[in-house]
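Colleague: The following block contains the structure, expressed as C-alpha coordinates.
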Amino acid sequence: QVQLVESGGGSVQSGESLRLTCAVSGATHSKYSLAWFRQAPGKKREAVSRISRSGTTYYSDSVKGRFTISRDGAKDTVYLQMNSLKPEDTAMYYCEAGDAPATYTTWSRESMYKYWGQGTQVTVSS
(Lines give C-alpha, C1' and ligand atoms only; values in the text may rest on other atoms or scores of the structure.)
Protein backbone atom coordinates (compact mmCIF):
# COMPACT_ATOMS: atom_id res chain seq x y z
CA GLN A 1 0.00 0.00 0.00
CA VAL A 2 1.23 3.50 -0.87
CA GLN A 3 -0.03 6.68 0.75
CA LEU A 4 0.10 10.03 -1.03
CA VAL A 5 -0.58 13.41 0.54
CA GLU A 6 -0.67 16.53 -1.63
CA SER A 7 -0.17 20.10 -0.46
CA GLY A 8 0.74 23.52 -1.78
CA GLY A 9 -2.39 24.47 -3.67
CA GLY A 10 -3.97 27.88 -3.39
CA SER A 11 -5.43 30.85 -5.19
CA VAL A 12 -3.16 32.97 -7.37
CA GLN A 13 -3.35 35.49 -10.17
CA SER A 14 -2.62 34.67 -13.79
CA GLY A 15 1.13 34.61 -14.41
CA GLU A 16 2.06 33.71 -10.84
CA SER A 17 3.63 30.49 -9.59
CA LEU A 18 2.87 27.69 -7.17
CA ARG A 19 4.77 24.61 -6.06
CA LEU A 20 2.79 21.49 -5.25
CA THR A 21 4.23 18.84 -2.97
CA CYS A 22 3.33 15.17 -2.69
CA ALA A 23 4.58 13.25 0.33
CA VAL A 24 4.86 9.54 -0.42
CA SER A 25 4.94 6.74 2.12
CA GLY A 26 4.36 3.00 2.27
CA ALA A 27 6.33 -0.20 2.39
CA THR A 28 7.33 -0.32 -1.29
CA HIS A 29 6.78 3.24 -2.45
CA SER A 30 10.32 3.61 -3.81
CA LYS A 31 9.58 1.30 -6.74
CA TYR A 32 6.79 3.51 -8.08
CA SER A 33 6.72 6.17 -10.72
CA LEU A 34 4.82 9.26 -9.68
CA ALA A 35 2.53 11.51 -11.66
CA TRP A 36 0.37 14.58 -11.31
CA PHE A 37 -3.14 14.60 -12.70
CA ARG A 38 -5.74 17.33 -12.52
CA GLN A 39 -9.49 17.56 -12.79
CA ALA A 40 -11.51 20.69 -13.39
CA PRO A 41 -15.23 20.84 -12.55
CA GLY A 42 -17.25 19.00 -15.17
CA LYS A 43 -14.18 17.69 -16.95
CA LYS A 44 -12.32 14.39 -17.07
CA ARG A 45 -9.17 13.90 -15.04
CA GLU A 46 -6.14 14.58 -17.21
CA ALA A 47 -2.47 13.81 -16.86
CA VAL A 48 -0.12 16.71 -16.25
CA SER A 49 3.31 15.17 -15.69
CA ARG A 50 5.12 12.01 -14.65
CA ILE A 51 8.54 11.17 -13.24
CA SER A 52 9.90 7.66 -13.14
CA ARG A 53 12.28 6.07 -10.61
CA SER A 54 15.14 6.78 -13.02
CA GLY A 55 14.13 10.41 -13.43
CA THR A 56 12.54 10.21 -16.87
CA THR A 57 9.89 12.90 -17.17
CA TYR A 58 6.83 13.46 -19.31
CA TYR A 59 4.60 16.51 -19.65
CA SER A 60 1.30 17.21 -21.28
CA ASP A 61 1.45 19.69 -24.13
CA SER A 62 -0.65 22.18 -22.18
CA VAL A 63 1.96 22.57 -19.42
CA LYS A 64 5.23 21.86 -21.24
CA GLY A 65 7.67 24.69 -20.69
CA ARG A 66 5.73 26.05 -17.71
CA PHE A 67 5.62 23.17 -15.23
CA THR A 68 8.53 21.15 -13.87
CA ILE A 69 8.27 17.85 -12.00
CA SER A 70 11.03 16.71 -9.68
CA ARG A 71 11.59 14.02 -7.10
CA ASP A 72 13.53 14.00 -3.87
CA GLY A 73 14.25 10.39 -3.04
CA ALA A 74 15.77 11.21 0.33
CA LYS A 75 12.58 12.99 1.40
CA ASP A 76 10.18 10.65 -0.41
CA THR A 77 8.63 13.67 -2.02
CA VAL A 78 7.64 14.72 -5.51
CA TYR A 79 7.16 18.34 -6.52
CA LEU A 80 5.36 20.14 -9.29
CA GLN A 81 6.68 23.64 -9.89
CA MET A 82 4.04 25.56 -11.81
CA ASN A 83 5.05 28.85 -13.42
CA SER A 84 3.15 31.26 -15.64
CA LEU A 85 -0.14 29.93 -14.37
CA LYS A 86 -3.25 30.47 -16.47
CA PRO A 87 -6.93 30.41 -15.55
CA GLU A 88 -7.27 27.14 -17.47
CA ASP A 89 -4.87 25.53 -15.00
CA THR A 90 -7.58 25.82 -12.35
CA ALA A 91 -8.34 22.32 -11.08
CA MET A 92 -7.94 19.84 -8.28
CA TYR A 93 -4.46 18.36 -8.59
CA TYR A 94 -3.83 14.76 -7.64
CA CYS A 95 -0.60 12.87 -7.05
CA GLU A 96 -0.69 9.29 -8.32
CA ALA A 97 1.66 6.31 -8.11
CA GLY A 98 2.09 3.38 -10.46
CA ASP A 99 4.65 0.63 -11.09
CA ALA A 100 3.99 -0.13 -14.75
CA PRO A 101 6.65 0.96 -17.28
CA ALA A 102 5.47 3.86 -19.39
CA THR A 103 6.10 5.16 -22.86
CA TYR A 104 5.35 8.48 -24.48
CA THR A 105 1.93 7.20 -25.49
CA THR A 106 0.97 5.40 -22.28
CA TRP A 107 2.21 7.54 -19.40
CA SER A 108 -0.92 9.67 -19.34
CA ARG A 109 -3.42 6.85 -18.96
CA GLU A 110 -5.21 6.67 -15.60
CA SER A 111 -5.00 2.89 -15.75
CA MET A 112 -1.21 3.14 -15.32
CA TYR A 113 -1.60 4.23 -11.69
CA LYS A 114 -2.74 2.29 -8.65
CA TYR A 115 -2.75 4.86 -5.88
CA TRP A 116 -3.69 8.53 -5.54
CA GLY A 117 -4.12 11.14 -2.88
CA GLN A 118 -6.98 13.39 -1.87
CA GLY A 119 -5.88 16.27 -4.03
CA THR A 120 -5.02 19.93 -3.57
CA GLN A 121 -6.99 22.76 -5.18
CA VAL A 122 -5.35 25.26 -7.51
CA THR A 123 -7.32 28.31 -8.56
CA VAL A 124 -5.95 30.84 -11.03
CA SER A 125 -7.83 34.06 -11.63
CA SER A 126 -7.34 36.44 -14.53
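Chain labels run A, B, ... following the order of the C-alpha coordinates; each chain numbers its residues from 1, and ligands are numbered from 1 in the order shown.
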Need the shell around range 104-111 of chain A: protein/DNA/RNA residues with any atom at most 12 Å away, counting only C-alpha atoms. Skip same-chain ones fewer than 3 positions apart. Format as a PyMOL selection string?

Modeller: chain A and resi 33-38+44-52+56-61+94-101+114-116

Colleague: For Met82 in chain A, work out the shell of residues within 7 Å, counting only C-alpha atoms and skipping chain neighbours fewer than 6 positions away, then give it as a VMD selection string.

Modeller: chain A and resid 17 to 19 66 to 68

Colleague: Provide the CA of Val122 in chain A to CA of Ser25 in chain A distance in Å, to one decimal place.

Modeller: 23.3 Å

Colleague: Mind checking DSSP for chain A and telling me the helix (DSSP H, G or I) residues as a list in words?

Modeller: His29, Ser30, Lys31, Pro87, Glu88, Asp89, Glu110, Ser111 and Met112 of chain A

Colleague: What's the 12 Å shell around Thr120 in chain A, counting only C-alpha atoms, without same-chain residues fewer than 5 positions away, as a ChimeraX atom specification?

Modeller: /A:4-11,18-22,36-40,80,90-95

Colleague: Report as a count of residues only: the residues of chain A with a DSSP assignment of strand (DSSP E), based on the backbone of this structure.

Modeller: 63

Colleague: Could you give me, as a ChimeraX atom specification, the residues within 12 Å of Ser30 in chain A, counting only C-alpha atoms and dropping anything in the same chain fewer than 3 positions from it?

Modeller: /A:1-3,23-27,33-34,52-54,71-78,97-99

Colleague: In Å, how far is it from CA of Glu16 in chain A to CA of Asp89 in chain A?

Modeller: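 CA of Glu16 in chain A sits 11.5 Å away from CA of Asp89 in chain A.
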